[in-house]
file start_16.txt (compact mmCIF, C-alpha atoms (C1' of nucleotides))
# COMPACT_ATOMS: atom_id res chain seq x y z
CA MET A 11 117.00 94.18 62.85
CA ASP A 12 116.59 90.54 63.68
CA GLY A 13 118.28 89.54 60.47
CA ASP A 14 116.38 86.37 59.62
CA GLY A 15 112.80 86.52 58.43
CA GLU A 16 111.03 83.29 59.18
CA VAL A 17 112.93 82.29 62.24
CA GLY A 18 112.58 85.81 63.61
CA SER A 19 108.84 85.93 63.18
CA ALA A 20 108.44 82.46 64.64
CA ARG A 21 110.35 83.56 67.68
CA GLN A 22 108.29 86.72 67.73
CA ALA A 23 105.11 84.66 67.84
CA ALA A 24 106.47 82.46 70.62
CA GLU A 25 107.39 85.48 72.70
CA ASP A 26 104.13 87.24 72.16
CA GLY A 27 102.71 83.96 73.40
CA LEU A 28 104.61 84.55 76.60
CA VAL A 29 103.10 87.99 77.07
CA VAL A 30 99.64 86.70 76.24
CA THR A 31 99.94 83.68 78.51
CA PHE A 32 100.97 85.90 81.38
CA GLY A 33 98.02 88.19 80.73
CA ARG A 34 95.74 85.16 80.81
CA LEU A 35 97.35 83.88 83.99
CA LEU A 36 96.63 87.17 85.74
CA GLY A 37 93.12 87.21 84.31
CA VAL A 38 92.41 83.71 85.61
CA ALA A 39 93.81 84.60 89.03
CA ASN A 40 91.84 87.84 89.27
CA ARG A 41 88.58 86.31 88.11
CA LEU A 42 88.88 83.28 90.35
CA GLU A 43 89.71 85.49 93.29
CA TYR A 44 86.68 87.60 92.47
CA LEU A 45 84.38 84.56 92.29
CA VAL A 46 85.56 82.66 95.35
CA GLY A 47 86.02 85.93 97.24
CA ARG A 48 82.44 86.94 96.64
CA ALA A 49 81.25 83.55 97.87
CA LEU A 50 83.38 83.79 101.01
CA GLU A 51 82.14 87.31 101.61
CA GLN A 52 78.51 86.32 101.35
CA GLU A 53 78.60 82.99 103.16
CA CYS A 54 81.23 83.69 105.82
CA GLY A 55 81.60 87.47 105.96
CA ILE A 56 85.33 87.43 105.19
CA SER A 57 87.43 88.52 102.23
CA HIS A 58 89.62 86.01 100.42
CA LEU A 59 92.70 87.66 101.89
CA MET A 60 91.31 87.17 105.38
CA TYR A 61 90.65 83.54 104.54
CA GLU A 62 94.27 83.02 103.51
CA VAL A 63 95.40 84.53 106.80
CA LEU A 64 93.04 82.30 108.80
CA LEU A 65 94.53 79.36 106.93
CA ILE A 66 98.19 80.12 107.59
CA LEU A 67 97.45 80.96 111.22
CA GLY A 68 95.66 77.64 111.57
CA ARG A 69 98.59 75.77 110.06
CA ALA A 70 101.05 77.68 112.23
CA GLY A 71 99.16 76.93 115.43
CA GLY A 72 100.96 77.38 118.75
CA PRO A 73 101.72 80.91 119.84
CA GLY A 74 100.85 82.40 116.45
CA LEU A 75 102.68 84.36 113.79
CA SER A 76 104.27 87.78 113.78
CA MET A 77 102.83 90.56 111.64
CA SER A 78 105.83 90.53 109.35
CA ALA A 79 105.58 86.77 108.80
CA ILE A 80 102.02 87.32 107.63
CA GLY A 81 103.19 90.09 105.33
CA ARG A 82 105.78 87.81 103.80
CA ALA A 83 103.34 84.94 103.28
CA GLN A 84 100.86 87.15 101.52
CA VAL A 85 102.11 90.00 99.36
CA LEU A 86 101.56 92.89 101.73
CA THR A 87 103.57 95.73 103.24
CA THR A 88 103.70 95.95 107.01
CA GLY A 89 101.26 98.83 106.87
CA GLY A 90 98.81 96.68 104.97
CA VAL A 91 99.16 93.87 107.49
CA THR A 92 98.53 96.22 110.41
CA ARG A 93 95.26 97.35 108.89
CA LEU A 94 94.17 93.90 107.77
CA ILE A 95 94.75 92.49 111.25
CA ASP A 96 92.96 95.51 112.74
CA ARG A 97 89.85 94.56 110.80
CA MET A 98 90.16 90.85 111.57
CA GLU A 99 90.59 91.63 115.25
CA ALA A 100 87.58 93.92 115.21
CA ALA A 101 85.63 91.04 113.63
CA GLY A 102 86.74 88.76 116.43
CA LEU A 103 88.62 86.35 114.17
CA VAL A 104 92.14 86.80 115.55
CA GLU A 105 93.83 88.34 118.55
CA ARG A 106 97.16 90.04 119.10
CA ALA A 107 99.36 89.00 121.99
CA GLU A 108 102.70 90.26 123.26
CA ASP A 109 105.69 88.36 121.93
CA PRO A 110 107.62 87.36 125.07
CA GLY A 111 110.83 87.01 123.07
CA ASP A 112 110.71 90.41 121.34
CA ARG A 113 108.86 93.33 122.83
CA ARG A 114 108.59 95.09 119.47
CA GLY A 115 106.61 92.27 117.93
CA ARG A 116 103.07 91.03 118.32
CA LEU A 117 101.96 87.44 117.85
CA VAL A 118 98.72 86.98 115.97
CA ARG A 119 96.64 83.87 116.60
CA LEU A 120 93.18 82.54 115.87
CA THR A 121 90.31 83.00 118.27
CA PRO A 122 87.80 80.15 118.60
CA LEU A 123 85.54 82.09 116.22
CA GLY A 124 88.43 82.35 113.79
CA GLU A 125 88.97 78.61 113.88
CA GLN A 126 85.30 77.91 113.33
CA THR A 127 85.17 80.34 110.48
CA ALA A 128 88.23 78.81 108.86
CA VAL A 129 86.66 75.34 108.95
CA ARG A 130 83.36 76.55 107.59
CA ALA A 131 85.01 78.68 104.90
CA THR A 132 87.27 75.84 103.79
CA ARG A 133 84.32 73.59 103.03
CA LEU A 134 82.76 76.22 100.84
CA HIS A 135 86.05 77.22 99.29
CA ARG A 136 86.99 73.66 98.31
CA ASP A 137 83.73 73.06 96.54
CA ASN A 138 84.06 76.31 94.63
CA LEU A 139 87.65 75.61 93.65
CA ARG A 140 86.88 72.12 92.47
CA ARG A 141 84.06 73.39 90.31
CA LEU A 142 85.86 76.47 89.00
CA LEU A 143 89.45 75.30 88.77
CA ALA A 144 90.17 71.57 89.00
CA ASP A 145 87.14 70.36 87.03
CA ARG A 146 88.06 72.66 84.17
CA LEU A 147 91.27 70.83 83.36
CA PRO A 148 91.58 67.33 81.95
CA ALA A 149 92.17 65.14 84.99
CA GLU A 150 95.54 63.97 83.72
CA HIS A 151 96.70 67.59 83.41
CA TRP A 152 95.77 68.63 86.90
CA ASP A 153 98.58 67.03 88.86
CA ARG A 154 101.24 68.36 86.58
CA PHE A 155 99.63 71.79 86.58
CA ALA A 156 99.62 71.84 90.38
CA GLU A 157 103.25 70.76 90.38
CA ASP A 158 104.21 73.49 87.93
CA VAL A 159 102.46 76.06 90.10
CA ARG A 160 104.39 74.78 93.09
CA VAL A 161 107.69 75.11 91.22
CA LEU A 162 106.86 78.63 90.06
CA SER A 163 105.74 79.58 93.52
CA ARG A 164 109.05 78.60 95.08
CA ALA A 165 111.08 80.28 92.38
CA VAL A 166 109.15 83.54 92.37
CA GLU A 167 109.07 83.88 96.15
CA LYS A 168 112.82 84.17 96.12
CA GLU A 169 112.74 87.03 93.64
CA VAL A 170 110.37 89.26 95.56
CA PRO A 171 112.11 91.58 98.01
CA ARG A 172 110.70 91.99 101.48
CA LEU A 173 108.15 94.76 101.34
CA ARG A 174 108.41 97.44 103.99
CA MET B 29 84.78 63.38 112.78
CA ASP B 30 84.80 62.17 109.22
CA GLY B 31 84.23 58.61 110.34
CA ASP B 32 86.86 56.79 108.30
CA GLY B 33 90.46 57.30 109.24
CA GLU B 34 92.83 56.64 106.38
CA VAL B 35 90.54 57.23 103.46
CA GLY B 36 89.22 60.38 105.07
CA SER B 37 92.64 61.86 105.68
CA ALA B 38 93.82 60.95 102.19
CA ARG B 39 90.85 62.76 100.72
CA GLN B 40 91.48 65.60 103.13
CA ALA B 41 95.03 65.91 101.87
CA ALA B 42 93.94 65.90 98.23
CA GLU B 43 91.38 68.60 98.83
CA ASP B 44 93.65 70.71 100.94
CA GLY B 45 95.98 70.41 97.97
CA LEU B 46 93.38 72.20 95.91
CA VAL B 47 93.12 75.03 98.41
CA VAL B 48 96.89 75.26 98.71
CA THR B 49 97.45 75.16 94.96
CA PHE B 50 95.01 77.99 94.49
CA GLY B 51 96.74 79.99 97.19
CA ARG B 52 100.03 79.45 95.39
CA LEU B 53 98.51 80.39 92.05
CA LEU B 54 97.38 83.72 93.45
CA GLY B 55 100.74 84.19 95.12
CA VAL B 56 102.59 83.60 91.88
CA ALA B 57 100.29 85.95 90.01
CA ASN B 58 100.58 88.70 92.62
CA ARG B 59 104.34 88.44 92.94
CA LEU B 60 104.93 88.33 89.20
CA GLU B 61 102.64 91.29 88.72
CA TYR B 62 104.55 93.12 91.43
CA LEU B 63 107.92 92.38 89.80
CA VAL B 64 107.08 93.08 86.17
CA GLY B 65 104.89 95.98 87.24
CA ARG B 66 107.71 97.63 89.11
CA ALA B 67 109.98 97.24 86.09
CA LEU B 68 107.37 98.74 83.76
CA GLU B 69 106.83 101.58 86.21
CA GLN B 70 110.50 102.42 86.41
CA GLU B 71 111.48 101.95 82.77
CA CYS B 72 108.34 103.12 81.02
CA GLY B 73 106.35 105.06 83.63
CA ILE B 74 103.24 102.88 83.32
CA SER B 75 101.52 100.39 85.60
CA HIS B 76 101.06 96.81 84.47
CA LEU B 77 97.34 97.41 84.07
CA MET B 78 98.07 100.32 81.75
CA TYR B 79 100.37 98.06 79.77
CA GLU B 80 97.63 95.49 79.32
CA VAL B 81 95.32 98.21 78.05
CA LEU B 82 97.94 99.50 75.62
CA LEU B 83 98.28 95.94 74.37
CA ILE B 84 94.61 95.27 73.72
CA LEU B 85 94.16 98.68 72.14
CA GLY B 86 97.10 97.93 69.87
CA ARG B 87 95.64 94.61 68.86
CA ALA B 88 92.20 96.14 68.34
CA GLY B 89 93.53 98.92 66.12
CA GLY B 90 91.07 100.76 63.88
CA PRO B 91 88.67 103.14 65.62
CA GLY B 92 89.49 101.79 69.07
CA LEU B 93 87.57 100.10 71.86
CA SER B 94 84.70 101.20 74.05
CA MET B 95 85.18 101.72 77.76
CA SER B 96 83.03 98.72 78.58
CA ALA B 97 85.00 96.45 76.26
CA ILE B 98 88.13 97.43 78.18
CA GLY B 99 86.38 96.71 81.44
CA ARG B 100 85.40 93.26 80.24
CA ALA B 101 88.90 92.42 78.98
CA GLN B 102 90.47 93.36 82.25
CA VAL B 103 88.58 92.76 85.49
CA LEU B 104 87.35 96.27 86.18
CA THR B 105 84.06 97.98 86.89
CA THR B 106 83.05 100.78 84.55
CA GLY B 107 83.96 103.27 87.25
CA GLY B 108 87.43 101.80 87.42
CA VAL B 109 87.81 102.00 83.64
CA THR B 110 86.77 105.65 83.60
CA ARG B 111 89.47 106.54 86.10
CA LEU B 112 92.14 104.36 84.53
CA ILE B 113 91.54 105.92 81.11
CA ASP B 114 91.48 109.37 82.73
CA ARG B 115 95.02 108.77 83.96
CA MET B 116 96.20 107.28 80.69
CA GLU B 117 94.74 110.19 78.78
CA ALA B 118 96.41 112.65 81.11
CA ALA B 119 99.68 110.82 80.45
CA GLY B 120 99.11 111.22 76.71
CA LEU B 121 98.96 107.47 76.02
CA VAL B 122 95.40 107.22 74.72
CA GLU B 123 92.63 109.49 73.55
CA ARG B 124 88.86 109.35 73.74
CA ALA B 125 86.78 109.98 70.64
CA GLU B 126 83.05 110.12 70.05
CA ASP B 127 81.52 106.87 68.90
CA PRO B 128 79.63 107.81 65.70
CA GLY B 129 77.38 104.78 66.07
CA ASP B 130 76.36 105.36 69.69
CA ARG B 131 76.38 108.79 71.25
CA ARG B 132 76.57 107.35 74.78
CA GLY B 133 79.84 105.59 74.09
CA ARG B 134 83.40 106.75 73.72
CA LEU B 135 86.02 105.01 71.65
CA VAL B 136 89.47 104.78 73.19
CA ARG B 137 92.51 104.50 70.94
CA LEU B 138 96.26 104.76 71.18
CA THR B 139 98.10 108.00 70.56
CA PRO B 140 101.47 107.80 68.80
CA LEU B 141 103.10 108.05 72.22
CA GLY B 142 100.94 105.17 73.38
CA GLU B 143 102.08 103.02 70.46
CA GLN B 144 105.72 103.83 71.07
CA THR B 145 105.36 103.08 74.75
CA ALA B 146 103.66 99.76 74.02
CA VAL B 147 106.51 98.69 71.75
CA ARG B 148 109.17 99.73 74.21
CA ALA B 149 107.38 98.17 77.17
CA THR B 150 106.83 94.89 75.33
CA ARG B 151 110.55 94.41 74.81
CA LEU B 152 111.23 94.85 78.50
CA HIS B 153 108.21 92.84 79.54
CA ARG B 154 109.11 89.83 77.39
CA ASP B 155 112.61 89.62 78.80
CA ASN B 156 111.31 89.81 82.34
CA LEU B 157 108.65 87.19 81.72
CA ARG B 158 111.07 84.80 80.11
CA ARG B 159 113.42 85.11 83.03
CA LEU B 160 110.78 85.02 85.76
CA LEU B 161 108.19 82.69 84.30
CA ALA B 162 109.12 80.56 81.30
CA ASP B 163 112.70 79.78 82.32
CA ARG B 164 111.47 78.53 85.69
CA LEU B 165 109.61 75.57 84.23
CA PRO B 166 111.16 72.54 82.54
CA ALA B 167 110.95 73.32 78.83
CA GLU B 168 108.75 70.33 78.12
CA HIS B 169 106.24 71.55 80.72
CA TRP B 170 105.85 75.05 79.38
CA ASP B 171 103.69 74.39 76.35
CA ARG B 172 101.24 72.31 78.31
CA PHE B 173 101.20 74.86 81.11
CA ALA B 174 100.41 77.63 78.65
CA GLU B 175 97.67 75.50 77.12
CA ASP B 176 96.16 74.77 80.54
CA VAL B 177 96.15 78.46 81.33
CA ARG B 178 94.38 79.10 78.04
CA VAL B 179 91.72 76.51 78.83
CA LEU B 180 91.19 77.91 82.32
CA SER B 181 91.04 81.42 80.97
CA ARG B 182 88.24 80.60 78.57
CA ALA B 183 86.28 78.65 81.15
CA VAL B 184 86.57 81.21 83.91
CA GLU B 185 85.72 84.17 81.71
CA LYS B 186 82.29 82.71 81.18
CA GLU B 187 81.65 82.43 84.90
CA VAL B 188 82.37 86.04 85.79
CA PRO B 189 79.34 88.31 85.55
CA ARG B 190 79.71 91.64 83.84
CA LEU B 191 80.80 94.12 86.46
CA ARG B 192 78.87 97.37 86.62
C1' DT C 10 55.13 108.01 69.00
C1' DC C 11 55.17 107.06 73.97
C1' DG C 12 56.77 104.90 77.90
C1' DA C 13 59.42 101.28 80.02
C1' DC C 14 63.59 98.96 79.96
C1' DT C 15 68.35 98.58 79.06
C1' DT C 16 72.99 100.22 78.32
C1' DA C 17 77.28 103.40 78.48
C1' DT C 18 79.71 106.40 81.05
C1' DC C 19 80.61 109.40 84.85
C1' DT C 20 80.69 110.74 89.79
C1' DG C 21 80.69 110.92 95.07
C1' DA C 22 81.48 108.20 98.97
C1' DC C 23 84.04 104.70 100.74
C1' DA C 24 87.47 100.62 101.14
C1' DT C 25 91.93 99.08 101.12
C1' DC C 26 96.28 99.09 99.60
C1' DT C 27 101.30 101.46 99.23
C1' DC C 28 104.77 104.79 100.54
C1' DA C 29 107.38 107.29 103.63
C1' DG C 30 108.18 108.68 108.10
C1' DT C 31 107.83 107.62 113.36
C1' DT C 32 108.49 105.14 117.55
C1' DA C 33 110.22 101.52 120.19
C1' DC C 34 113.06 97.82 120.77
C1' DT C 35 117.26 94.54 119.53
C1' DG C 36 121.85 93.32 118.57
C1' DT C 37 126.58 94.77 117.62
C1' DT C 38 130.64 97.34 117.94
C1' DT C 39 133.75 99.89 120.20
C1' DA D 1 127.66 101.15 128.45
C1' DA D 2 126.95 104.35 124.71
C1' DA D 3 126.42 104.85 120.01
C1' DC D 4 124.86 102.77 115.97
C1' DA D 5 122.55 100.34 112.45
C1' DG D 6 118.74 97.13 111.79
C1' DT D 7 114.03 95.42 112.55
C1' DA D 8 108.82 95.40 114.08
C1' DA D 9 104.77 97.61 114.07
C1' DC D 10 102.05 101.78 113.52
C1' DT D 11 100.31 106.07 111.13
C1' DG D 12 99.11 110.08 107.80
C1' DA D 13 98.81 111.01 103.08
C1' DG D 14 97.97 109.59 98.66
C1' DA D 15 96.80 106.12 94.86
C1' DT D 16 93.52 103.24 92.94
C1' DG D 17 89.93 100.27 93.10
C1' DT D 18 84.53 99.16 94.23
C1' DC D 19 79.69 100.37 94.87
C1' DA D 20 75.60 102.75 94.15
C1' DG D 21 73.33 106.43 92.09
C1' DA D 22 72.95 110.00 88.26
C1' DT D 23 72.56 111.23 83.48
C1' DA D 24 72.10 110.59 78.73
C1' DA D 25 71.03 107.78 74.93
C1' DG D 26 69.54 103.56 72.56
C1' DT D 27 65.72 99.74 71.92
C1' DC D 28 61.46 97.79 71.63
C1' DG D 29 56.53 96.63 72.14
C1' DA D 30 51.75 98.69 72.46
call {"tool": "encode", "arguments": {"input": "start_16.txt", "output": "structure tokens"}}
result
Amino acid sequence: MDGDGEVGSARQAAEDGLVVTFGRLLGVANRLEYLVGRALEQECGISHLMYEVLLILGRAGGPGLSMSAIGRAQVLTTGGVTRLIDRMEAAGLVERAEDPGDRRGRLVRLTPLGEQTAVRATRLHRDNLRRLLADRLPAEHWDRFAEDVRVLSRAVEKEVPRLR
Amino acid sequence: MDGDGEVGSARQAAEDGLVVTFGRLLGVANRLEYLVGRALEQECGISHLMYEVLLILGRAGGPGLSMSAIGRAQVLTTGGVTRLIDRMEAAGLVERAEDPGDRRGRLVRLTPLGEQTAVRATRLHRDNLRRLLADRLPAEHWDRFAEDVRVLSRAVEKEVPRLR
DNA sequence: TCGACTTATCTGACATCTCAGTTACTGTTT
DNA sequence: AAACAGTAACTGAGATGTCAGATAAGTCGA
């Protein structure tokens, strides 16, 4: 099929490496999310997804973000965002306000409790990430690794369609 | 708050970088899983998780793997494995057999359809991963990136407790 | 051999997502 | 301004995971 023995099998090995590396990448992501998520849950009473939302709302500041902007930032359908924000609102972390410029939309912003929780969670989260992620790589690899992740992040975001 | 202006904010930035990089890492993993998962779903009728299981069963060969070994390889509780294998068995991809050495356990192995599907899915999967993942990084970065992922994978696996 | 742990899998109850369909509003076109 | 397609958020139904408890079977010391 391939025609050439050695070259073919070398390429085969390289491409299986691609499949395996991707499997490992997902495994690392899932396990890290499990570990830091459990810590956030226990210490701050929030899931990791909620933490990410607190973070982007904090960075956004001002009048807040729309539901769909949150859905685009994380990988969530609008239905998922509605329910996530329902729970965060019930927990007192965020609040919904009317969007004066578009009466269909709602603007989500942090409550004081949400801000406090974000600060407290970030301290914990950083320590965990340093121990679990950054300290595991040779120091001279870390910067390039972070840069590669940034490049991938930009590229892949463009490929994902908006979820309904 | 921190007490020292410039140094404090530089450290702040570096540590926020850790939090942000981790957020991006999860984003990349989720979006890639969404993209390749949708392709596998449409072309081969299996979820990405099912594909990973087909892959490790194929590599294991012989009499197959126990449910708990599958749960450890992926990040799943035993309850999750039971239901995943239920669906895969219903789809004709795998079969459960008695474990002669331990009457509590079941050994899961590929059916011929499962093997065929794994081969077919791998072709598709490789192409997608090359396009979405490997081709996005400068070629000279890829090998080191893959190596870093391998190192992280080994380290993080040890930290995750066995899920019940 | 007996009893106390431990382990492997399964199950019911629940959590949280997606999907598809609804409602309400916006912007555009005629 | 009336019709239309497009967008924002919400909702019921279904998919798929976790958690905790049940059951059966293996292990090991007294």
call {"tool": "residues_near_point", "arguments": {"input": "start_16.txt", "point": "(102.4, 112.6, 69.2)", "cutoff": "12 Å", "atoms": "all atoms listed in the file", "output": "list in words"}}
result
Ala119, Gly120, Leu121, Val122, Glu123, Leu138, Thr139, Pro140, Leu141, Gly142, Glu143, Gln144 and Thr145 of chain B
call {"tool": "atom_distance", "arguments": {"input": "start_16.txt", "atom1": "atom CA of B:Arg154", "atom2": "atom CA of B:Ala118"}}
result
26.4 Å
call {"tool": "residues_near_point", "arguments": {"input": "start_16.txt", "point": "(100.6, 71.2, 79.5)", "cutoff": "12 Å", "atoms": "all atoms listed in the file", "output": "number ranges by chain"}}
result
A: 147-159; B: 165-180
call {"tool": "interface_residues", "arguments": {"input": "start_16.txt", "of": "chain A", "to": "chain D", "cutoff": "12 Å", "atoms": "all atoms listed in the file", "output": "PyMOL selection string"}}
result
chain A and resi 44+76-79+81+87-93+95-96+106+108-109+112-117+174
call {"tool": "atom_distance", "arguments": {"input": "start_16.txt", "atom1": "atom CA of A:Leu142", "atom2": "atom CA of B:Arg190"}}
result
17.2 Å
call {"tool": "atom_distance", "arguments": {"input": "start_16.txt", "atom1": "atom CA of B:Cys72", "atom2": "atom CA of B:Ser181"}}
result
27.8 Å
call {"tool": "interface_residues", "arguments": {"input": "start_16.txt", "of": "chain C", "to": "chain A", "cutoff": "9 Å", "atoms": "all atoms listed in the file", "output": "ChimeraX atom specification"}}
result
/C:25-28,33-35
call {"tool": "axis_aligned_box", "arguments": {"input": "start_16.txt", "around": "stretch 162-169 of chain A", "padding_each_side": "8 Å", "output": "AutoDock Vina command-line options"}}
result
--center_x 109.3 --center_y 82.8 --center_z 93.1 --size_x 23.1 --size_y 24.4 --size_z 22.1
call {"tool": "closest_residue", "arguments": {"input": "start_16.txt", "among": "A:Arg133, A:Arg146, A:Lys168, A:Arg82", "to": "chain B", "atoms": "all atoms listed in the file"}}
result
A:Arg146
call {"tool": "closest_residue", "arguments": {"input": "start_16.txt", "among": "B:Leu83, B:Val136, B:Ile74, B:Leu68", "to": "chain A", "atoms": "all atoms listed in the file"}}
result
B:Leu83
call {"tool": "closest_residue", "arguments": {"input": "start_16.txt", "among": "A:Leu35, A:Ala83, A:Ala128, A:Leu75", "to": "A:Ser57", "atoms": "only C-alpha atoms"}}
result
A:Ala128
call {"tool": "closest_residue", "arguments": {"input": "start_16.txt", "among": "B:Arg66, B:Gly90, B:Arg158, B:Glu185", "to": "A:Leu28", "atoms": "all atoms listed in the file"}}
result
B:Arg158
call {"tool": "build_atoms", "arguments": {"input": "start_16.txt", "residues": "stretch 46-64 of chain A", "atoms": "N, CA, C and O atoms", "output": "PDB file, keeping the file's coordinate frame"}}
result
ATOM      1  N   VAL A  46      85.538  83.332  94.049  1.00  0.00           N
ATOM      2  CA  VAL A  46      85.560  82.660  95.350  1.00  0.00           C
ATOM      3  C   VAL A  46      85.516  83.693  96.470  1.00  0.00           C
ATOM      4  O   VAL A  46      84.966  83.428  97.541  1.00  0.00           O
ATOM      5  N   GLY A  47      86.061  84.875  96.241  1.00  0.00           N
ATOM      6  CA  GLY A  47      86.020  85.930  97.240  1.00  0.00           C
ATOM      7  C   GLY A  47      84.605  86.389  97.506  1.00  0.00           C
ATOM      8  O   GLY A  47      84.217  86.586  98.657  1.00  0.00           O
ATOM      9  N   ARG A  48      83.831  86.529  96.447  1.00  0.00           N
ATOM     10  CA  ARG A  48      82.440  86.940  96.640  1.00  0.00           C
ATOM     11  C   ARG A  48      81.670  85.894  97.436  1.00  0.00           C
ATOM     12  O   ARG A  48      80.880  86.216  98.317  1.00  0.00           O
ATOM     13  N   ALA A  49      81.932  84.622  97.133  1.00  0.00           N
ATOM     14  CA  ALA A  49      81.250  83.550  97.870  1.00  0.00           C
ATOM     15  C   ALA A  49      81.653  83.580  99.347  1.00  0.00           C
ATOM     16  O   ALA A  49      80.789  83.467 100.230  1.00  0.00           O
ATOM     17  N   LEU A  50      82.928  83.732  99.618  1.00  0.00           N
ATOM     18  CA  LEU A  50      83.380  83.790 101.010  1.00  0.00           C
ATOM     19  C   LEU A  50      82.757  84.971 101.733  1.00  0.00           C
ATOM     20  O   LEU A  50      82.356  84.873 102.895  1.00  0.00           O
ATOM     21  N   GLU A  51      82.711  86.100 101.047  1.00  0.00           N
ATOM     22  CA  GLU A  51      82.140  87.310 101.610  1.00  0.00           C
ATOM     23  C   GLU A  51      80.684  87.068 102.015  1.00  0.00           C
ATOM     24  O   GLU A  51      80.270  87.395 103.130  1.00  0.00           O
ATOM     25  N   GLN A  52      79.941  86.472 101.096  1.00  0.00           N
ATOM     26  CA  GLN A  52      78.510  86.320 101.350  1.00  0.00           C
ATOM     27  C   GLN A  52      78.211  85.235 102.377  1.00  0.00           C
ATOM     28  O   GLN A  52      77.344  85.405 103.225  1.00  0.00           O
ATOM     29  N   GLU A  53      78.926  84.118 102.289  1.00  0.00           N
ATOM     30  CA  GLU A  53      78.600  82.990 103.160  1.00  0.00           C
ATOM     31  C   GLU A  53      79.272  83.110 104.528  1.00  0.00           C
ATOM     32  O   GLU A  53      78.743  82.615 105.522  1.00  0.00           O
ATOM     33  N   CYS A  54      80.471  83.686 104.562  1.00  0.00           N
ATOM     34  CA  CYS A  54      81.230  83.690 105.820  1.00  0.00           C
ATOM     35  C   CYS A  54      81.607  85.091 106.303  1.00  0.00           C
ATOM     36  O   CYS A  54      82.193  85.233 107.381  1.00  0.00           O
ATOM     37  N   GLY A  55      81.314  86.111 105.527  1.00  0.00           N
ATOM     38  CA  GLY A  55      81.600  87.470 105.960  1.00  0.00           C
ATOM     39  C   GLY A  55      83.078  87.834 105.989  1.00  0.00           C
ATOM     40  O   GLY A  55      83.477  88.763 106.692  1.00  0.00           O
ATOM     41  N   ILE A  56      83.908  87.105 105.212  1.00  0.00           N
ATOM     42  CA  ILE A  56      85.330  87.430 105.190  1.00  0.00           C
ATOM     43  C   ILE A  56      85.807  87.586 103.746  1.00  0.00           C
ATOM     44  O   ILE A  56      85.247  86.991 102.843  1.00  0.00           O
ATOM     45  N   SER A  57      86.839  88.394 103.556  1.00  0.00           N
ATOM     46  CA  SER A  57      87.430  88.520 102.230  1.00  0.00           C
ATOM     47  C   SER A  57      88.338  87.312 101.981  1.00  0.00           C
ATOM     48  O   SER A  57      88.681  86.572 102.901  1.00  0.00           O
ATOM     49  N   HIS A  58      88.739  87.137 100.709  1.00  0.00           N
ATOM     50  CA  HIS A  58      89.620  86.010 100.420  1.00  0.00           C
ATOM     51  C   HIS A  58      90.961  86.175 101.113  1.00  0.00           C
ATOM     52  O   HIS A  58      91.550  85.200 101.571  1.00  0.00           O
ATOM     53  N   LEU A  59      91.440  87.415 101.205  1.00  0.00           N
ATOM     54  CA  LEU A  59      92.700  87.660 101.890  1.00  0.00           C
ATOM     55  C   LEU A  59      92.611  87.244 103.356  1.00  0.00           C
ATOM     56  O   LEU A  59      93.522  86.609 103.901  1.00  0.00           O
ATOM     57  N   MET A  60      91.506  87.595 103.986  1.00  0.00           N
ATOM     58  CA  MET A  60      91.310  87.170 105.380  1.00  0.00           C
ATOM     59  C   MET A  60      91.304  85.652 105.467  1.00  0.00           C
ATOM     60  O   MET A  60      91.869  85.074 106.401  1.00  0.00           O
ATOM     61  N   TYR A  61      90.675  85.005 104.517  1.00  0.00           N
ATOM     62  CA  TYR A  61      90.650  83.540 104.540  1.00  0.00           C
ATOM     63  C   TYR A  61      92.075  82.977 104.493  1.00  0.00           C
ATOM     64  O   TYR A  61      92.410  82.058 105.246  1.00  0.00           O
ATOM     65  N   GLU A  62      92.902  83.517 103.619  1.00  0.00           N
ATOM     66  CA  GLU A  62      94.270  83.020 103.510  1.00  0.00           C
ATOM     67  C   GLU A  62      95.002  83.184 104.847  1.00  0.00           C
ATOM     68  O   GLU A  62      95.773  82.326 105.256  1.00  0.00           O
ATOM     69  N   VAL A  63      94.744  84.304 105.517  1.00  0.00           N
ATOM     70  CA  VAL A  63      95.400  84.530 106.800  1.00  0.00           C
ATOM     71  C   VAL A  63      94.880  83.542 107.855  1.00  0.00           C
ATOM     72  O   VAL A  63      95.660  82.970 108.631  1.00  0.00           O
ATOM     73  N   LEU A  64      93.572  83.310 107.871  1.00  0.00           N
ATOM     74  CA  LEU A  64      93.040  82.300 108.800  1.00  0.00           C
ATOM     75  C   LEU A  64      93.735  80.967 108.562  1.00  0.00           C
ATOM     76  O   LEU A  64      94.088  80.254 109.493  1.00  0.00           O
TER      77      LEU A  64
END
